[in-house]
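Coordinates from run-v3.cif are shown below (mmCIF, C-alpha atoms).
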data_data
loop_
_atom_site.group_PDB
_atom_site.id
_atom_site.type_symbol
_atom_site.label_atom_id
_atom_site.label_comp_id
_atom_site.auth_asym_id
_atom_site.auth_seq_id
_atom_site.Cartn_x
_atom_site.Cartn_y
_atom_site.Cartn_z
ATOM 1 C CA MET M 1 55.037 46.097 -137.991
ATOM 2 C CA ILE M 2 55.081 45.162 -134.332
ATOM 3 C CA GLY M 3 53.105 47.303 -131.924
ATOM 4 C CA GLY M 4 52.793 50.022 -134.554
ATOM 5 C CA GLU M 5 56.558 50.177 -135.093
ATOM 6 C CA ARG M 6 58.308 49.232 -138.323
ATOM 7 C CA VAL M 7 60.773 46.379 -137.869
ATOM 8 C CA ASN M 8 63.506 45.968 -140.488
ATOM 9 C CA GLY M 9 65.554 42.841 -140.705
ATOM 10 C CA THR M 10 66.727 39.975 -142.813
ATOM 11 C CA THR M 11 64.758 37.158 -144.388
ATOM 12 C CA LYS M 12 63.467 34.383 -142.141
ATOM 13 C CA SER M 13 66.510 32.271 -142.968
ATOM 14 C CA GLY M 14 68.908 35.202 -142.579
ATOM 15 C CA ARG M 15 70.184 34.736 -146.120
ATOM 16 C CA SER M 16 70.048 37.310 -148.901
ATOM 17 C CA ARG M 17 67.912 36.617 -151.944
ATOM 18 C CA VAL M 18 68.312 37.540 -155.579
ATOM 19 C CA VAL M 19 65.139 38.113 -157.557
ATOM 20 C CA SER M 20 65.118 38.179 -161.341
ATOM 21 C CA ILE M 21 62.847 40.798 -162.894
ATOM 22 C CA ASP M 22 61.854 41.459 -166.472
ATOM 23 C CA ASP M 23 62.709 44.554 -168.529
ATOM 24 C CA GLU M 24 59.259 46.083 -168.057
ATOM 25 C CA THR M 25 59.605 45.907 -164.271
ATOM 26 C CA VAL M 26 63.070 47.481 -164.518
ATOM 27 C CA ALA M 27 61.547 50.334 -166.548
ATOM 28 C CA VAL M 28 58.776 50.854 -163.964
ATOM 29 C CA LEU M 29 61.315 50.933 -161.120
ATOM 30 C CA ARG M 30 63.523 53.411 -162.988
ATOM 31 C CA GLN M 31 60.503 55.640 -163.569
ATOM 32 C CA ARG M 32 59.633 55.373 -159.876
ATOM 33 C CA LYS M 33 63.176 56.456 -158.996
ATOM 34 C CA ALA M 34 62.826 59.496 -161.269
ATOM 35 C CA ASP M 35 59.411 60.333 -159.796
ATOM 36 C CA GLN M 36 60.827 60.045 -156.304
ATOM 37 C CA ALA M 37 63.663 62.435 -157.183
ATOM 38 C CA ALA M 38 61.021 64.949 -158.305
ATOM 39 C CA GLU M 39 59.113 64.406 -155.037
ATOM 40 C CA GLN M 40 62.322 65.076 -153.121
ATOM 41 C CA LEU M 41 62.878 68.365 -154.959
ATOM 42 C CA LYS M 42 59.285 69.405 -154.298
ATOM 43 C CA ALA M 43 59.507 68.497 -150.600
ATOM 44 C CA GLY M 44 62.773 70.395 -150.163
ATOM 45 C CA ASP M 45 63.902 70.523 -146.534
ATOM 46 C CA SER M 46 60.830 68.500 -145.504
ATOM 47 C CA TRP M 47 62.228 65.392 -147.284
ATOM 48 C CA ARG M 48 62.778 62.614 -144.754
ATOM 49 C CA GLY M 49 64.051 59.883 -147.070
ATOM 50 C CA THR M 50 67.599 58.644 -147.452
ATOM 51 C CA LYS M 51 69.757 58.323 -150.559
ATOM 52 C CA ASP M 52 69.330 54.548 -150.713
ATOM 53 C CA GLY M 53 65.970 54.397 -148.970
ATOM 54 C CA TYR M 54 62.708 52.692 -149.826
ATOM 55 C CA VAL M 55 61.308 52.499 -153.342
ATOM 56 C CA PHE M 56 57.733 53.258 -152.332
ATOM 57 C CA THR M 57 57.408 56.130 -149.905
ATOM 58 C CA THR M 58 55.166 58.966 -148.878
ATOM 59 C CA GLY M 59 55.544 62.271 -150.694
ATOM 60 C CA TRP M 60 58.134 63.319 -148.123
ATOM 61 C CA GLY M 61 60.278 60.165 -148.350
ATOM 62 C CA GLU M 62 59.128 58.119 -145.388
ATOM 63 C CA PRO M 63 58.316 54.448 -145.956
ATOM 64 C CA ILE M 64 54.612 53.751 -146.356
ATOM 65 C CA TYR M 65 52.915 51.621 -143.734
ATOM 66 C CA PRO M 66 51.913 48.108 -144.858
ATOM 67 C CA ASP M 67 48.316 48.772 -143.782
ATOM 68 C CA THR M 68 48.122 51.599 -146.323
ATOM 69 C CA VAL M 69 48.717 49.192 -149.206
ATOM 70 C CA THR M 70 46.366 46.578 -147.755
ATOM 71 C CA SER M 71 43.603 49.157 -147.313
ATOM 72 C CA LEU M 72 44.045 50.489 -150.853
ATOM 73 C CA MET M 73 43.872 47.001 -152.334
ATOM 74 C CA THR M 74 40.663 46.264 -150.416
ATOM 75 C CA LYS M 75 39.081 49.484 -151.723
ATOM 76 C CA LEU M 76 40.114 48.733 -155.314
ATOM 77 C CA ILE M 77 38.703 45.197 -155.180
ATOM 78 C CA ARG M 78 35.413 46.380 -153.682
ATOM 79 C CA ALA M 79 35.124 49.026 -156.397
ATOM 80 C CA ASN M 80 35.372 46.375 -159.141
ATOM 81 C CA GLU M 81 32.644 43.751 -158.884
ATOM 82 C CA GLN M 82 34.447 41.474 -161.352
ATOM 83 C CA LEU M 83 37.338 40.868 -158.969
ATOM 84 C CA PRO M 84 37.112 38.123 -156.347
ATOM 85 C CA HIS M 85 37.686 38.915 -152.681
ATOM 86 C CA ALA M 86 41.386 38.640 -151.889
ATOM 87 C CA ARG M 87 43.883 39.703 -149.288
ATOM 88 C CA LEU M 88 47.179 41.272 -150.280
ATOM 89 C CA HIS M 89 48.964 38.138 -149.064
ATOM 90 C CA ASP M 90 46.826 36.068 -151.464
ATOM 91 C CA LEU M 91 48.581 37.753 -154.399
ATOM 92 C CA ARG M 92 51.829 36.162 -153.275
ATOM 93 C CA HIS M 93 50.300 32.699 -153.607
ATOM 94 C CA TYR M 94 48.860 33.609 -156.991
ATOM 95 C CA ALA M 95 52.249 34.843 -158.204
ATOM 96 C CA ASP M 96 53.966 31.683 -156.958
ATOM 97 C CA GLY M 97 51.405 29.511 -158.729
ATOM 98 C CA TRP M 98 51.545 31.513 -161.928
ATOM 99 C CA VAL M 99 55.325 31.194 -162.090
ATOM 100 C CA MET M 100 55.063 27.447 -161.548
ATOM 101 C CA CYS M 101 52.126 26.938 -163.902
ATOM 102 C CA PRO M 102 50.658 29.820 -165.941
ATOM 103 C CA ALA M 103 47.284 28.004 -166.114
ATOM 104 C CA VAL M 104 46.730 28.435 -162.345
ATOM 105 C CA THR M 105 43.804 30.770 -161.665
ATOM 106 C CA PHE M 106 43.774 33.310 -158.854
ATOM 107 C CA GLY M 107 41.054 31.454 -156.949
ATOM 108 C CA LEU M 108 42.883 28.153 -157.159
ATOM 109 C CA ALA M 109 46.177 29.637 -155.985
ATOM 110 C CA ALA M 110 44.581 31.632 -153.146
ATOM 111 C CA ALA M 111 42.704 28.597 -151.818
ATOM 112 C CA ALA M 112 45.558 26.125 -152.095
ATOM 113 C CA GLU M 113 47.541 24.920 -149.139
ATOM 114 C CA PRO M 114 51.302 25.296 -149.552
ATOM 115 C CA VAL M 115 52.975 22.174 -150.885
ATOM 116 C CA LEU M 116 56.510 21.532 -149.742
ATOM 117 C CA PRO M 117 58.844 19.331 -151.755
ATOM 118 C CA SER M 118 59.596 15.975 -150.164
ATOM 119 C CA ALA M 119 63.151 15.369 -149.005
#

Could you write out this file's structure as structure tokens?
Amino acid sequence: MIGGERVNGTTKSGRSRVVSIDDETVAVLRQRKADQAAEQLKAGDSWRGTKDGYVFTTGWGEPIYPDTVTSLMTKLIRANEQLPHARLHDLRHYADGWVMCPAVTFGLAAAAEPVLPSA
């Protein structure tokens, strides 16, 4: 988002990326696709999505704003006193650390500075 406008583009490097996902994630995404088809039928002529549009949209097919997800995550964390404070971006660091070493805790990954491999 820049100045309240959604900006679509490539990755920072301009290259495409392939991401491997497990069978459970595939099942969740397939269910989401089915749910979205039902939302499209319900919305009828009000549907604003495209055939190959976004996975996560509003009930009328428009992409959700990033701030919506960030705000929801903040509310969910505040509602559960057992969860540590975290920003949505912190989950990315946690996921990276968990993939590299499953023993990495959320707090450790969120507080860590990025480490780049030496050339």

Q: Please evaluate the PyMOL selection byres ((chain M and resi 31-42) around 8) against the displayed coordinates and give the resulting residues as number ranges by chain.
A: M: 27-30, 43-44, 47, 55, 59-61

With C-alpha atoms retained, could you export that selection as a CSV table (one decimal), in the frame of the given file?
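Writing done, so here's selection.csv:
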chain,number,residue,atom,x,y,z
M,27,ALA,CA,61.5,50.3,-166.5
M,28,VAL,CA,58.8,50.9,-164.0
M,29,LEU,CA,61.3,50.9,-161.1
M,30,ARG,CA,63.5,53.4,-163.0
M,43,ALA,CA,59.5,68.5,-150.6
M,44,GLY,CA,62.8,70.4,-150.2
M,47,TRP,CA,62.2,65.4,-147.3
M,55,VAL,CA,61.3,52.5,-153.3
M,59,GLY,CA,55.5,62.3,-150.7
M,60,TRP,CA,58.1,63.3,-148.1
M,61,GLY,CA,60.3,60.2,-148.4

How big is the axis-aligned box, and where does its centre sit, when it encloses all atoms of range 49-67 of chain M listed in the file and has 8 Å added on every side, reported in Å to one decimal as JSON?
{"center_x": 59.0, "center_y": 55.7, "center_z": -148.5, "size_x": 37.4, "size_y": 31.2, "size_z": 25.6}

Q) Written as a ChimeraX atom specification, which residues does the PyMOL selection byres ((chain M and resi 73) around 12) give for the file shown? A) /M:66-72,74-80,83-91

Q) Between CA of Thr58 in chain M and CA of Ile21 in chain M, what is the distance, to one decimal in Å? A)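 A separation of 24.2 Å between them.
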
(Q) Report, in Å to a single decimal, how far apart CA of Gly49 in chain M and CA of Pro63 in chain M are. (A) 8.0 Å

Q: In Å, rounded to a single decimal, give me how far CA of Asn8 in chain M is from CA of Glu24 in chain M.
A: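 If I compute the distance from CA of Glu24 in chain M to CA of Asn8 in chain M, I get 27.9 Å.
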